[in-house]
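Structure data (CSV, C-alpha atoms and all ligand atoms) from data_21.csv:
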```csv
chain,number,residue,atom,x,y,z
A,1,MET,CA,98.3,79.5,95.4
A,2,HIS,CA,99.2,82.9,96.6
A,3,ILE,CA,98.9,82.9,100.4
A,4,LEU,CA,98.6,85.9,102.7
A,5,VAL,CA,100.2,84.9,106.0
A,6,THR,CA,99.5,87.3,108.9
A,7,GLY,CA,102.1,87.3,111.8
A,8,GLY,CA,104.6,85.3,109.7
A,9,CYS,CA,107.5,86.5,111.7
A,10,GLY,CA,106.2,84.9,114.9
A,11,PHE,CA,106.8,81.4,116.2
A,12,ILE,CA,104.1,79.4,114.3
A,13,GLY,CA,103.8,81.8,111.4
A,14,SER,CA,107.5,81.5,110.6
A,15,ASN,CA,107.5,77.7,111.0
A,16,PHE,CA,104.5,77.7,108.7
A,17,ILE,CA,106.2,79.8,106.0
A,18,HIS,CA,109.3,77.5,106.1
A,19,TYR,CA,107.0,74.4,105.9
A,20,TRP,CA,104.9,75.8,103.0
A,21,ARG,CA,107.9,76.8,101.0
A,22,LYS,CA,109.4,73.3,101.3
A,23,GLU,CA,106.2,71.4,100.6
A,24,HIS,CA,104.7,73.8,98.0
A,25,PRO,CA,107.7,75.6,96.4
A,26,LEU,CA,105.6,76.9,93.5
A,27,ASP,CA,103.2,78.9,95.7
A,28,ARG,CA,103.7,82.6,96.5
A,29,ILE,CA,103.6,84.0,100.0
A,30,THR,CA,102.9,87.5,101.2
A,31,ASN,CA,103.7,88.0,104.9
A,32,ILE,CA,102.2,91.0,106.8
A,33,ASP,CA,103.6,91.5,110.3
A,34,ALA,CA,103.8,94.5,112.6
A,35,LEU,CA,107.1,93.2,114.2
A,36,THR,CA,106.0,93.5,117.8
A,37,TYR,CA,108.3,92.2,120.5
A,38,ALA,CA,107.3,88.7,119.3
A,39,GLY,CA,107.9,89.2,115.6
A,40,ASN,CA,111.5,88.5,114.6
A,41,PRO,CA,112.7,88.8,110.9
A,42,GLN,CA,115.6,86.5,111.9
A,43,ASN,CA,113.1,83.6,111.9
A,44,LEU,CA,112.9,84.0,108.1
A,45,ALA,CA,116.5,85.0,107.5
A,46,ALA,CA,117.0,81.9,105.3
A,47,ILE,CA,114.7,83.4,102.6
A,48,PRO,CA,116.8,85.1,99.9
A,49,ALA,CA,116.1,88.9,99.8
A,50,ASN,CA,115.3,88.8,96.0
A,51,ASP,CA,113.1,85.7,96.2
A,52,PRO,CA,110.2,86.3,93.7
A,53,THR,CA,107.8,84.0,95.5
A,54,TYR,CA,108.0,85.9,98.9
A,55,ARG,CA,106.9,89.4,99.8
A,56,PHE,CA,107.1,91.0,103.3
A,57,ILE,CA,104.9,93.9,104.4
A,58,HIS,CA,105.8,95.6,107.6
A,59,ALA,CA,102.4,96.7,108.9
A,60,SER,CA,99.7,96.1,111.4
A,61,ILE,CA,96.6,94.1,110.5
A,62,THR,CA,94.6,96.9,112.1
A,63,ASP,CA,95.9,99.2,109.3
A,64,GLN,CA,93.1,99.1,106.6
A,65,GLN,CA,95.3,100.5,103.8
A,66,ALA,CA,98.1,98.1,104.4
A,67,VAL,CA,95.7,95.2,104.6
A,68,HIS,CA,94.1,96.3,101.3
A,69,GLU,CA,97.6,96.3,99.7
A,70,ALA,CA,98.5,93.0,101.3
A,71,PHE,CA,95.4,91.2,99.8
A,72,GLU,CA,96.5,92.2,96.2
A,73,GLY,CA,96.5,89.0,94.1
A,74,VAL,CA,96.0,86.7,97.1
A,75,ASP,CA,93.6,83.7,97.0
A,76,VAL,CA,94.2,82.2,100.5
A,77,VAL,CA,94.7,83.9,103.9
A,78,VAL,CA,96.2,82.1,106.9
A,79,HIS,CA,95.7,84.3,109.9
A,80,PHE,CA,98.2,83.8,112.7
A,81,ALA,CA,98.8,87.4,113.8
A,82,ALA,CA,97.9,88.0,117.4
A,83,GLU,CA,99.0,89.0,120.9
A,84,THR,CA,99.6,85.6,122.4
A,85,HIS,CA,101.1,85.6,125.9
A,86,VAL,CA,98.6,85.1,128.7
A,87,ASP,CA,100.8,86.7,131.3
A,88,ARG,CA,101.1,89.9,129.1
A,89,SER,CA,97.3,89.9,128.8
A,90,ILE,CA,96.9,89.9,132.6
A,91,LEU,CA,99.3,92.9,132.8
A,92,GLY,CA,97.6,94.9,130.0
A,93,SER,CA,94.8,93.6,127.7
A,94,ARG,CA,94.0,96.5,125.4
A,95,VAL,CA,96.5,95.6,122.7
A,96,PHE,CA,95.0,92.1,122.8
A,97,LEU,CA,91.6,93.5,121.8
A,98,GLU,CA,93.1,95.8,119.2
A,99,THR,CA,95.1,93.1,117.4
A,100,ASN,CA,93.1,89.9,118.1
A,101,VAL,CA,89.6,91.4,117.6
A,102,LEU,CA,89.9,94.6,115.6
A,103,GLY,CA,92.8,93.3,113.5
A,104,THR,CA,90.8,90.2,112.6
A,105,HIS,CA,87.8,92.4,111.8
A,106,THR,CA,90.0,94.5,109.4
A,107,LEU,CA,91.0,91.3,107.6
A,108,LEU,CA,87.5,90.0,107.4
A,109,GLU,CA,86.2,93.3,105.9
A,110,GLU,CA,88.9,93.2,103.3
A,111,ALA,CA,88.1,89.6,102.6
A,112,LEU,CA,84.5,90.5,102.1
A,113,LYS,CA,85.4,93.1,99.5
A,114,ARG,CA,87.4,90.4,97.7
A,115,LYS,CA,84.9,87.6,98.1
A,116,ASN,CA,85.2,86.5,94.5
A,117,GLN,CA,88.9,86.4,94.5
A,118,LEU,CA,89.3,84.5,97.8
A,119,TRP,CA,89.3,80.8,97.9
A,120,ARG,CA,89.8,80.3,101.6
A,121,PHE,CA,90.4,82.3,104.8
A,122,HIS,CA,91.9,80.2,107.6
A,123,HIS,CA,91.7,81.6,111.1
A,124,ILE,CA,94.2,80.2,113.7
A,125,SER,CA,92.8,79.9,117.2
A,126,THR,CA,93.6,78.2,120.4
A,127,ASP,CA,92.1,75.5,122.7
A,128,GLU,CA,92.2,78.1,125.5
A,129,VAL,CA,88.8,79.5,124.2
A,130,PHE,CA,87.2,76.4,125.8
A,131,GLY,CA,88.4,77.3,129.3
A,132,SER,CA,89.8,74.8,131.8
A,133,LEU,CA,89.3,71.0,132.3
A,134,PRO,CA,89.4,69.3,135.7
A,135,LEU,CA,92.8,67.6,136.4
A,136,GLU,CA,91.0,64.3,137.1
A,137,GLY,CA,89.2,62.4,134.4
A,138,ASN,CA,89.5,62.0,130.6
A,139,GLU,CA,87.3,64.9,129.4
A,140,ARG,CA,88.7,66.6,126.3
A,141,PHE,CA,87.8,69.6,124.2
A,142,THR,CA,86.1,69.0,120.8
A,143,GLU,CA,84.8,71.4,118.1
A,144,THR,CA,81.4,71.5,119.9
A,145,THR,CA,82.7,72.3,123.4
A,146,PRO,CA,81.0,75.5,124.6
A,147,TYR,CA,83.3,78.5,124.7
A,148,ALA,CA,84.4,79.5,128.3
A,149,PRO,CA,87.5,81.7,128.0
A,150,ARG,CA,89.1,82.7,131.3
A,151,SER,CA,92.0,85.0,130.5
A,152,PRO,CA,91.9,88.3,128.6
A,153,TYR,CA,94.0,86.5,125.9
A,154,SER,CA,91.6,83.6,125.5
A,155,ALA,CA,88.6,86.0,125.7
A,156,SER,CA,90.1,88.1,122.8
A,157,LYS,CA,90.7,84.9,120.7
A,158,ALA,CA,87.1,83.7,121.5
A,159,ALA,CA,85.7,87.0,120.4
A,160,ALA,CA,87.7,86.7,117.2
A,161,ASP,CA,86.5,83.2,116.6
A,162,HIS,CA,82.8,84.3,117.0
A,163,LEU,CA,83.4,87.2,114.7
A,164,VAL,CA,85.0,85.0,112.1
A,165,MET,CA,82.1,82.5,112.2
A,166,SER,CA,79.6,85.3,111.9
A,167,TYR,CA,81.1,86.1,108.5
A,168,VAL,CA,80.6,82.5,107.5
A,169,HIS,CA,76.9,82.6,108.4
A,170,THR,CA,76.1,86.2,107.4
A,171,HIS,CA,78.3,86.7,104.4
A,172,LYS,CA,79.1,83.1,103.3
A,173,LEU,CA,82.8,83.7,103.3
A,174,PRO,CA,84.8,80.5,102.7
A,175,ILE,CA,86.3,80.4,106.2
A,176,THR,CA,87.8,77.6,108.3
A,177,VAL,CA,88.9,77.8,111.9
A,178,SER,CA,91.3,75.6,113.9
A,179,ASN,CA,91.7,75.5,117.7
A,180,CYS,CA,95.0,74.1,118.6
A,181,SER,CA,96.7,73.0,121.8
A,182,ASN,CA,100.1,74.4,123.1
A,183,ASN,CA,102.8,74.3,120.4
A,184,TYR,CA,106.5,73.8,120.9
A,185,GLY,CA,109.5,73.7,118.6
A,186,PRO,CA,112.1,76.0,117.0
A,187,TYR,CA,111.7,79.8,117.1
A,188,LEU,CA,109.5,79.8,120.2
A,189,PHE,CA,110.1,83.1,122.0
A,190,PRO,CA,112.1,82.5,125.2
A,191,GLU,CA,109.4,83.8,127.6
A,192,LYS,CA,107.1,80.9,127.0
A,193,PHE,CA,107.5,78.0,129.4
A,194,ILE,CA,109.6,75.4,127.5
A,195,PRO,CA,112.1,77.8,125.8
A,196,LEU,CA,112.3,79.9,129.0
A,197,ALA,CA,113.3,76.8,130.9
A,198,ILE,CA,115.8,75.6,128.3
A,199,THR,CA,117.5,79.0,127.9
A,200,ASN,CA,117.5,79.5,131.7
A,201,LEU,CA,119.3,76.2,132.2
A,202,MET,CA,121.8,77.1,129.5
A,203,GLN,CA,122.5,80.2,131.6
A,204,ASP,CA,122.8,78.2,134.8
A,205,LYS,CA,119.6,79.8,136.1
A,206,PRO,CA,116.6,77.9,137.6
A,207,ILE,CA,113.4,77.0,135.8
A,208,PRO,CA,110.5,79.1,137.2
A,209,VAL,CA,107.4,76.8,137.8
A,210,TYR,CA,104.0,78.3,138.6
A,211,GLY,CA,102.3,77.1,141.8
A,212,LYS,CA,103.0,73.4,142.3
A,213,GLY,CA,103.5,72.8,138.6
A,214,LEU,CA,100.5,70.5,138.3
A,215,ASN,CA,98.8,72.3,135.3
A,216,VAL,CA,98.5,70.1,132.3
A,217,ARG,CA,99.0,71.0,128.7
A,218,ASP,CA,98.7,68.9,125.5
A,219,TRP,CA,102.0,69.6,123.7
A,220,LEU,CA,101.9,69.6,119.9
A,221,HIS,CA,105.0,69.9,117.8
A,222,VAL,CA,104.7,73.0,115.6
A,223,SER,CA,105.5,71.0,112.4
A,224,ASP,CA,102.5,68.7,113.1
A,225,HIS,CA,100.4,71.9,113.5
A,226,CYS,CA,101.7,73.1,110.0
A,227,ARG,CA,100.7,69.8,108.5
A,228,ALA,CA,97.3,70.1,110.1
A,229,ILE,CA,96.8,73.5,108.5
A,230,ASP,CA,97.9,72.1,105.1
A,231,ALA,CA,95.3,69.3,105.5
A,232,ILE,CA,92.6,71.8,106.4
A,233,LEU,CA,93.4,74.1,103.5
A,234,HIS,CA,93.5,71.2,101.0
A,235,ARG,CA,90.8,68.9,102.3
A,236,GLY,CA,88.8,70.8,104.9
A,237,ALA,CA,85.3,72.2,104.3
A,238,PRO,CA,84.5,75.9,104.5
A,239,GLY,CA,82.4,76.8,107.5
A,240,GLN,CA,84.0,74.1,109.6
A,241,SER,CA,86.3,74.3,112.7
A,242,TYR,CA,88.9,71.7,113.6
A,243,ALA,CA,90.4,70.9,117.0
A,244,ILE,CA,94.1,70.0,116.8
A,245,GLY,CA,96.0,68.2,119.6
A,246,ALA,CA,98.7,65.7,120.2
A,247,ASP,CA,97.7,63.1,122.9
A,248,GLU,CA,100.7,64.4,124.8
A,249,GLU,CA,99.4,65.6,128.1
A,250,HIS,CA,102.1,66.6,130.6
A,251,THR,CA,102.2,68.5,133.8
A,252,ASN,CA,104.5,71.5,133.9
A,253,ILE,CA,106.5,69.9,136.7
A,254,GLU,CA,107.0,66.7,134.6
A,255,VAL,CA,108.3,68.9,131.6
A,256,ALA,CA,110.6,70.7,134.0
A,257,HIS,CA,112.0,67.3,135.3
A,258,ARG,CA,112.5,66.1,131.8
A,259,LEU,CA,114.6,69.2,131.0
A,260,LEU,CA,116.6,69.0,134.2
A,261,LYS,CA,117.4,65.4,133.3
A,262,ALA,CA,118.5,66.3,129.8
A,263,PHE,CA,120.8,69.0,131.3
A,264,ASN,CA,122.0,66.6,134.1
A,265,LEU,CA,120.9,69.2,136.7
A,266,SER,CA,119.0,68.8,139.9
A,267,GLU,CA,115.7,70.2,141.2
A,268,GLU,CA,117.4,71.5,144.3
A,269,THR,CA,119.6,73.9,142.4
A,270,HIS,CA,117.8,74.6,139.1
A,271,LEU,CA,114.0,74.7,139.9
A,272,ARG,CA,112.2,77.6,141.5
A,273,TYR,CA,108.5,77.5,142.4
A,274,VAL,CA,106.9,80.9,141.8
A,275,GLU,CA,103.5,82.4,142.8
A,276,ASP,CA,100.8,80.9,140.6
A,277,ARG,CA,99.5,82.8,137.5
A,278,LYS,CA,96.1,84.5,138.3
A,279,GLY,CA,93.2,82.4,137.1
A,280,HIS,CA,95.6,79.7,135.8
A,281,ASP,CA,93.7,77.2,133.7
A,282,LEU,CA,94.3,73.7,135.1
A,283,ARG,CA,94.2,71.4,132.1
A,284,TYR,CA,93.8,71.5,128.4
A,285,ALA,CA,93.3,68.3,126.3
A,286,ILE,CA,92.0,67.9,122.8
A,287,ASP,CA,90.0,65.3,121.0
A,288,TYR,CA,91.2,65.6,117.4
A,289,SER,CA,89.2,62.7,116.0
A,290,LYS,CA,87.3,65.0,113.5
A,291,LEU,CA,90.6,66.0,111.9
A,292,GLU,CA,91.8,62.4,112.0
A,293,HIS,CA,88.6,60.8,110.5
A,294,ASN,CA,87.7,63.5,108.0
A,295,LEU,CA,91.1,64.8,106.8
A,296,ASP,CA,93.4,61.8,107.6
A,297,TRP,CA,95.7,63.9,109.9
A,298,ARG,CA,97.3,62.7,113.1
A,299,PRO,CA,100.4,63.9,115.0
A,300,THR,CA,103.7,62.3,114.0
A,301,ILE,CA,106.2,63.7,116.5
A,302,SER,CA,106.3,62.4,120.0
A,303,PHE,CA,106.9,64.8,122.9
A,304,ASP,CA,110.1,62.8,123.7
A,305,GLN,CA,111.5,63.3,120.2
A,306,GLY,CA,110.3,66.9,119.8
A,307,LEU,CA,111.7,68.0,123.1
A,308,THR,CA,115.1,66.4,122.5
A,309,GLU,CA,115.2,68.1,119.1
A,310,MET,CA,114.1,71.4,120.6
A,311,ILE,CA,116.9,71.3,123.2
A,312,ALA,CA,119.4,70.6,120.5
A,313,TRP,CA,118.0,73.6,118.4
A,314,TYR,CA,118.3,76.1,121.3
A,315,ARG,CA,121.8,74.8,122.0
A,316,GLU,CA,122.8,75.3,118.4
A,317,ASN,CA,121.0,78.7,118.0
A,318,GLU,CA,122.2,80.7,120.9
A,319,ALA,CA,122.8,83.6,118.5
A,320,TRP,CA,119.1,83.6,117.7
A,321,TRP,CA,117.7,83.6,121.3
A,322,ARG,CA,120.3,85.7,123.2
A,323,PRO,CA,119.3,89.0,121.6
A,324,LEU,CA,115.7,88.3,122.6
A,325,LEU,CA,116.4,88.1,126.4
A,326,PRO,CA,116.0,91.9,127.0
A,327,LYS,CA,112.4,91.6,125.5
A,328,GLN,CA,111.3,88.9,127.9
A,329,LEU,CA,108.7,89.5,130.6
A,330,PRO,CA,110.5,89.3,134.0
A,331,SER,CA,109.8,85.9,135.6
A,401,LIG,P1,103.8,84.8,118.4
A,401,LIG,O1,103.4,85.7,119.6
A,401,LIG,O2,105.0,84.1,118.4
A,401,LIG,O3,103.7,85.7,117.1
A,401,LIG,C1,102.7,86.6,116.8
A,401,LIG,C2,103.1,87.3,115.5
A,401,LIG,O4,102.1,88.3,115.2
A,401,LIG,C3,104.4,88.2,115.7
A,401,LIG,O5,105.2,88.0,114.5
A,401,LIG,C4,103.9,89.6,115.8
A,401,LIG,O6,104.8,90.6,115.4
A,401,LIG,C5,102.7,89.5,114.9
A,401,LIG,N1,101.7,90.6,115.3
A,401,LIG,C6,101.2,90.9,116.5
A,401,LIG,N2,100.4,91.9,116.4
A,401,LIG,C7,100.3,92.2,115.1
A,401,LIG,C8,99.5,93.2,114.4
A,401,LIG,N3,98.7,94.0,115.0
A,401,LIG,N4,99.6,93.2,113.0
A,401,LIG,C9,100.5,92.3,112.4
A,401,LIG,N5,101.2,91.4,113.0
A,401,LIG,C10,101.1,91.4,114.4
A,401,LIG,O7,102.5,83.9,118.3
A,401,LIG,P2,102.4,82.3,117.9
A,401,LIG,O8,102.7,81.5,119.1
A,401,LIG,O9,103.2,82.1,116.6
A,401,LIG,O10,100.9,82.2,117.6
A,401,LIG,C11,100.3,82.3,116.3
A,401,LIG,C12,98.8,82.1,116.4
A,401,LIG,O11,98.6,80.8,116.9
A,401,LIG,C13,98.1,83.0,117.3
A,401,LIG,O12,96.9,83.4,116.7
A,401,LIG,C14,97.8,82.2,118.5
A,401,LIG,O13,96.7,82.6,119.2
A,401,LIG,C15,97.7,80.8,117.9
A,401,LIG,N6,98.0,79.7,118.8
A,401,LIG,C16,99.3,79.6,119.4
A,401,LIG,C17,99.6,78.5,120.2
A,401,LIG,C18,101.0,78.4,120.8
A,401,LIG,O14,101.2,77.5,121.6
A,401,LIG,N7,101.9,79.3,120.5
A,401,LIG,C19,98.6,77.6,120.4
A,401,LIG,C20,97.4,77.7,119.9
A,401,LIG,C21,97.1,78.7,119.0
```
Turn this file's structure into structure tokens for me.
Amino acid sequence: MHILVTGGCGFIGSNFIHYWRKEHPLDRITNIDALTYAGNPQNLAAIPANDPTYRFIHASITDQQAVHEAFEGVDVVVHFAAETHVDRSILGSRVFLETNVLGTHTLLEEALKRKNQLWRFHHISTDEVFGSLPLEGNERFTETTPYAPRSPYSASKAAADHLVMSYVHTHKLPITVSNCSNNYGPYLFPEKFIPLAITNLMQDKPIPVYGKGLNVRDWLHVSDHCRAIDAILHRGAPGQSYAIGADEEHTNIEVAHRLLKAFNLSEETHLRYVEDRKGHDLRYAIDYSKLEHNLDWRPTISFDQGLTEMIAWYRENEAWWRPLLPKQLPS
């Protein structure tokens, strides 16, 4: 396989490249990334500069010529590149539409020109396109949940998902889509909740918690996400979408308390409640039974284990996260 990864210098993209190189060492990877604030070449520093199986193209997925060159010889696309931070989309949404919608459109148009060469185009999306669930009850998102995005970020991802599916129906492109819950793990930019909390505690600063901290997320370890994408590429059916989750629903305040305990610090000194995010979605939860029954995938890393490993990783990799602090959104 020769895989074109978009956004491979970001959190999930770089974890995916490391995963794929380990599991499928004979495959080739081309990575196209614009290196926005969220793209960090250090995430892939372990790949030797002269490695013949890896190629990096520093360009935007909205750049038609660069995308044309990136597709050269490729038979599979895994499309991660996006603007991803909800808070940034509330402050300014235009770039979200440019990258998430028009960037996806640029990739689809190039894929269409190369329909005979392409074996699969996998589009990475989020559970946030389904909106917000009530805090009470056991309702969970599935592949058939109606779309109801509530932030500019999730609206731009929903638009991209619809566009992608339109190329399945209209042009018969061999596309799969996955809608995933919140990921955590190494290389997560320290403005997202868990790494922000860990790196704050490491600097003797409090964890900022929105509102009363009651919002619930289903936390999936990034390596389980990479395994799910592998399963979809190898065993999934074109035209299908797959919901990916972890059965690990936790409130933000519970996550904050776990971290305080791990650092042996108290809520009184190291937790700060801040004004709630505008339109903050209450709860996300995923029913991943389609993936489990059809593709024999299930999560393998518990939140307990993954969080402990993540704390250890941030402790050992201060040289990775410290230079990123000036790029954080102020919290
Ligand atoms: P990230 O913000 O860490 O990385 C995004 C990457 O895309 C960066 O390397 C950035 O430089 C690159 N990029 C941005 N604009 C680009 C452009 N115009 N052209 C080329 N590259 C560009 O994101 P992430 O958390 O790794 O998320 C990856 C994908 O997974 C996204 O599509 C996101 O919507 C989806 N997703 C993320 C989560 C999560 O919890 N992080 C959950 C579900 C789905």
Computed interatomic separation between CA of Gly131 (chain A) and CA of Tyr284 (chain A) (Å):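 Interatomic distance here is 8.0 Å.
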Which residues of chain A come within 7 Å of ligand LIG 401 (chain A), and for each one, what is the closest pair of atoms and their distance in Å to one decimal, counting only C-alpha atoms and all ligand atoms, sorted by chain and residue number, as JSON lines?
```
{"residue": "A:Thr6", "atom": "CA", "partner": "A:LIG401", "partner_atom": "N5", "distance": 6.0}
{"residue": "A:Gly7", "atom": "CA", "partner": "A:LIG401", "partner_atom": "O4", "distance": 3.5}
{"residue": "A:Gly8", "atom": "CA", "partner": "A:LIG401", "partner_atom": "O5", "distance": 5.5}
{"residue": "A:Cys9", "atom": "CA", "partner": "A:LIG401", "partner_atom": "O5", "distance": 3.9}
{"residue": "A:Gly10", "atom": "CA", "partner": "A:LIG401", "partner_atom": "O5", "distance": 3.3}
{"residue": "A:Phe11", "atom": "CA", "partner": "A:LIG401", "partner_atom": "O9", "distance": 3.7}
{"residue": "A:Ile12", "atom": "CA", "partner": "A:LIG401", "partner_atom": "O9", "distance": 3.7}
{"residue": "A:Gly13", "atom": "CA", "partner": "A:LIG401", "partner_atom": "O9", "distance": 5.2}
{"residue": "A:Ile32", "atom": "CA", "partner": "A:LIG401", "partner_atom": "C9", "distance": 6.0}
{"residue": "A:Asp33", "atom": "CA", "partner": "A:LIG401", "partner_atom": "N5", "distance": 3.6}
{"residue": "A:Ala34", "atom": "CA", "partner": "A:LIG401", "partner_atom": "C9", "distance": 4.0}
{"residue": "A:Leu35", "atom": "CA", "partner": "A:LIG401", "partner_atom": "O6", "distance": 3.7}
{"residue": "A:Thr36", "atom": "CA", "partner": "A:LIG401", "partner_atom": "O6", "distance": 4.0}
{"residue": "A:Tyr37", "atom": "CA", "partner": "A:LIG401", "partner_atom": "O6", "distance": 6.4}
{"residue": "A:Ala38", "atom": "CA", "partner": "A:LIG401", "partner_atom": "C3", "distance": 4.6}
{"residue": "A:Gly39", "atom": "CA", "partner": "A:LIG401", "partner_atom": "O5", "distance": 3.2}
{"residue": "A:Asn40", "atom": "CA", "partner": "A:LIG401", "partner_atom": "O5", "distance": 6.3}
{"residue": "A:Ala59", "atom": "CA", "partner": "A:LIG401", "partner_atom": "C9", "distance": 5.9}
{"residue": "A:Ser60", "atom": "CA", "partner": "A:LIG401", "partner_atom": "N4", "distance": 3.3}
{"residue": "A:Ile61", "atom": "CA", "partner": "A:LIG401", "partner_atom": "N4", "distance": 4.0}
{"residue": "A:Thr62", "atom": "CA", "partner": "A:LIG401", "partner_atom": "N3", "distance": 5.8}
{"residue": "A:His79", "atom": "CA", "partner": "A:LIG401", "partner_atom": "O12", "distance": 7.0}
{"residue": "A:Phe80", "atom": "CA", "partner": "A:LIG401", "partner_atom": "C12", "distance": 4.1}
{"residue": "A:Ala81", "atom": "CA", "partner": "A:LIG401", "partner_atom": "O4", "distance": 3.7}
{"residue": "A:Ala82", "atom": "CA", "partner": "A:LIG401", "partner_atom": "C6", "distance": 4.5}
{"residue": "A:Glu83", "atom": "CA", "partner": "A:LIG401", "partner_atom": "C6", "distance": 5.3}
{"residue": "A:Thr84", "atom": "CA", "partner": "A:LIG401", "partner_atom": "O1", "distance": 4.7}
{"residue": "A:His85", "atom": "CA", "partner": "A:LIG401", "partner_atom": "O1", "distance": 6.7}
{"residue": "A:Thr99", "atom": "CA", "partner": "A:LIG401", "partner_atom": "N3", "distance": 4.4}
{"residue": "A:Gly103", "atom": "CA", "partner": "A:LIG401", "partner_atom": "N3", "distance": 6.1}
{"residue": "A:Ile124", "atom": "CA", "partner": "A:LIG401", "partner_atom": "O12", "distance": 5.2}
{"residue": "A:Ser125", "atom": "CA", "partner": "A:LIG401", "partner_atom": "C21", "distance": 4.8}
{"residue": "A:Thr126", "atom": "CA", "partner": "A:LIG401", "partner_atom": "C21", "distance": 3.8}
{"residue": "A:Asp127", "atom": "CA", "partner": "A:LIG401", "partner_atom": "C20", "distance": 6.4}
{"residue": "A:Lys157", "atom": "CA", "partner": "A:LIG401", "partner_atom": "O13", "distance": 6.6}
{"residue": "A:Asn179", "atom": "CA", "partner": "A:LIG401", "partner_atom": "C21", "distance": 6.4}
{"residue": "A:Cys180", "atom": "CA", "partner": "A:LIG401", "partner_atom": "C20", "distance": 4.5}
{"residue": "A:Ser181", "atom": "CA", "partner": "A:LIG401", "partner_atom": "C20", "distance": 5.1}
{"residue": "A:Asn182", "atom": "CA", "partner": "A:LIG401", "partner_atom": "O14", "distance": 3.6}
{"residue": "A:Asn183", "atom": "CA", "partner": "A:LIG401", "partner_atom": "O14", "distance": 3.8}
{"residue": "A:Tyr184", "atom": "CA", "partner": "A:LIG401", "partner_atom": "O14", "distance": 6.5}
{"residue": "A:Leu188", "atom": "CA", "partner": "A:LIG401", "partner_atom": "O2", "distance": 6.5}
{"residue": "A:Phe189", "atom": "CA", "partner": "A:LIG401", "partner_atom": "O2", "distance": 6.3}
```
Given all atoms listed in the file as the counted atoms, nearest of A:Leu102, A:Leu4, A:Ile207, A:Met310 to Leu118 (chain A):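 Checking each of A:Leu102, A:Leu4, A:Ile207, A:Met310 against Leu118 (chain A), counting all atoms listed in the file, the winner is A:Leu4.
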Find the residues near region 323-331 of chain A: any atom within 12 Å, counting all atoms listed in the file, skip ones fewer than 6 places away on the same chain, and give them as a CSV table (one decimal) with C-alpha atoms, in the frame of the given file.
```
chain,number,residue,atom,x,y,z
A,36,THR,CA,106.0,93.5,117.8
A,37,TYR,CA,108.3,92.2,120.5
A,38,ALA,CA,107.3,88.7,119.3
A,39,GLY,CA,107.9,89.2,115.6
A,40,ASN,CA,111.5,88.5,114.6
A,42,GLN,CA,115.6,86.5,111.9
A,43,ASN,CA,113.1,83.6,111.9
A,85,HIS,CA,101.1,85.6,125.9
A,86,VAL,CA,98.6,85.1,128.7
A,87,ASP,CA,100.8,86.7,131.3
A,88,ARG,CA,101.1,89.9,129.1
A,89,SER,CA,97.3,89.9,128.8
A,90,ILE,CA,96.9,89.9,132.6
A,91,LEU,CA,99.3,92.9,132.8
A,187,TYR,CA,111.7,79.8,117.1
A,188,LEU,CA,109.5,79.8,120.2
A,189,PHE,CA,110.1,83.1,122.0
A,190,PRO,CA,112.1,82.5,125.2
A,191,GLU,CA,109.4,83.8,127.6
A,192,LYS,CA,107.1,80.9,127.0
A,193,PHE,CA,107.5,78.0,129.4
A,195,PRO,CA,112.1,77.8,125.8
A,196,LEU,CA,112.3,79.9,129.0
A,197,ALA,CA,113.3,76.8,130.9
A,199,THR,CA,117.5,79.0,127.9
A,200,ASN,CA,117.5,79.5,131.7
A,203,GLN,CA,122.5,80.2,131.6
A,205,LYS,CA,119.6,79.8,136.1
A,206,PRO,CA,116.6,77.9,137.6
A,207,ILE,CA,113.4,77.0,135.8
A,208,PRO,CA,110.5,79.1,137.2
A,209,VAL,CA,107.4,76.8,137.8
A,210,TYR,CA,104.0,78.3,138.6
A,272,ARG,CA,112.2,77.6,141.5
A,273,TYR,CA,108.5,77.5,142.4
A,274,VAL,CA,106.9,80.9,141.8
A,275,GLU,CA,103.5,82.4,142.8
A,276,ASP,CA,100.8,80.9,140.6
A,277,ARG,CA,99.5,82.8,137.5
A,317,ASN,CA,121.0,78.7,118.0
```
Distance in Å - CA of Pro149 (chain A) versus CA of Arg94 (chain A):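 That distance, rounded to one decimal, is 16.4 Å.
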Within-12 Å shell of (77.4, 86.6, 104.9) in input frame, all atoms listed in the file, as a list in words: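 Applying the cut-off with all atoms listed in the file, one gets Leu108, Glu109, Ala111, Leu112, Lys113, Lys115, Leu163, Val164, Met165, Ser166, Tyr167, Val168, His169, Thr170, His171, Lys172, Leu173, Pro174, Ile175 and Gly239 of chain A.
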Could the residues in this selection be saved with C-alpha atoms as a tab-separated table (two decimals), in the frame of the given file?
```
chain	number	residue	atom	x	y	z
A	108	LEU	CA	87.50	90.00	107.40
A	109	GLU	CA	86.20	93.30	105.90
A	111	ALA	CA	88.10	89.60	102.60
A	112	LEU	CA	84.50	90.50	102.10
A	113	LYS	CA	85.40	93.10	99.50
A	115	LYS	CA	84.90	87.60	98.10
A	163	LEU	CA	83.40	87.20	114.70
A	164	VAL	CA	85.00	85.00	112.10
A	165	MET	CA	82.10	82.50	112.20
A	166	SER	CA	79.60	85.30	111.90
A	167	TYR	CA	81.10	86.10	108.50
A	168	VAL	CA	80.60	82.50	107.50
A	169	HIS	CA	76.90	82.60	108.40
A	170	THR	CA	76.10	86.20	107.40
A	171	HIS	CA	78.30	86.70	104.40
A	172	LYS	CA	79.10	83.10	103.30
A	173	LEU	CA	82.80	83.70	103.30
A	174	PRO	CA	84.80	80.50	102.70
A	175	ILE	CA	86.30	80.40	106.20
A	239	GLY	CA	82.40	76.80	107.50
```
Shell around Ser156 (chain A) at 8 Å using only C-alpha atoms, local window under 3 positions removed, as a count of residues only: 8
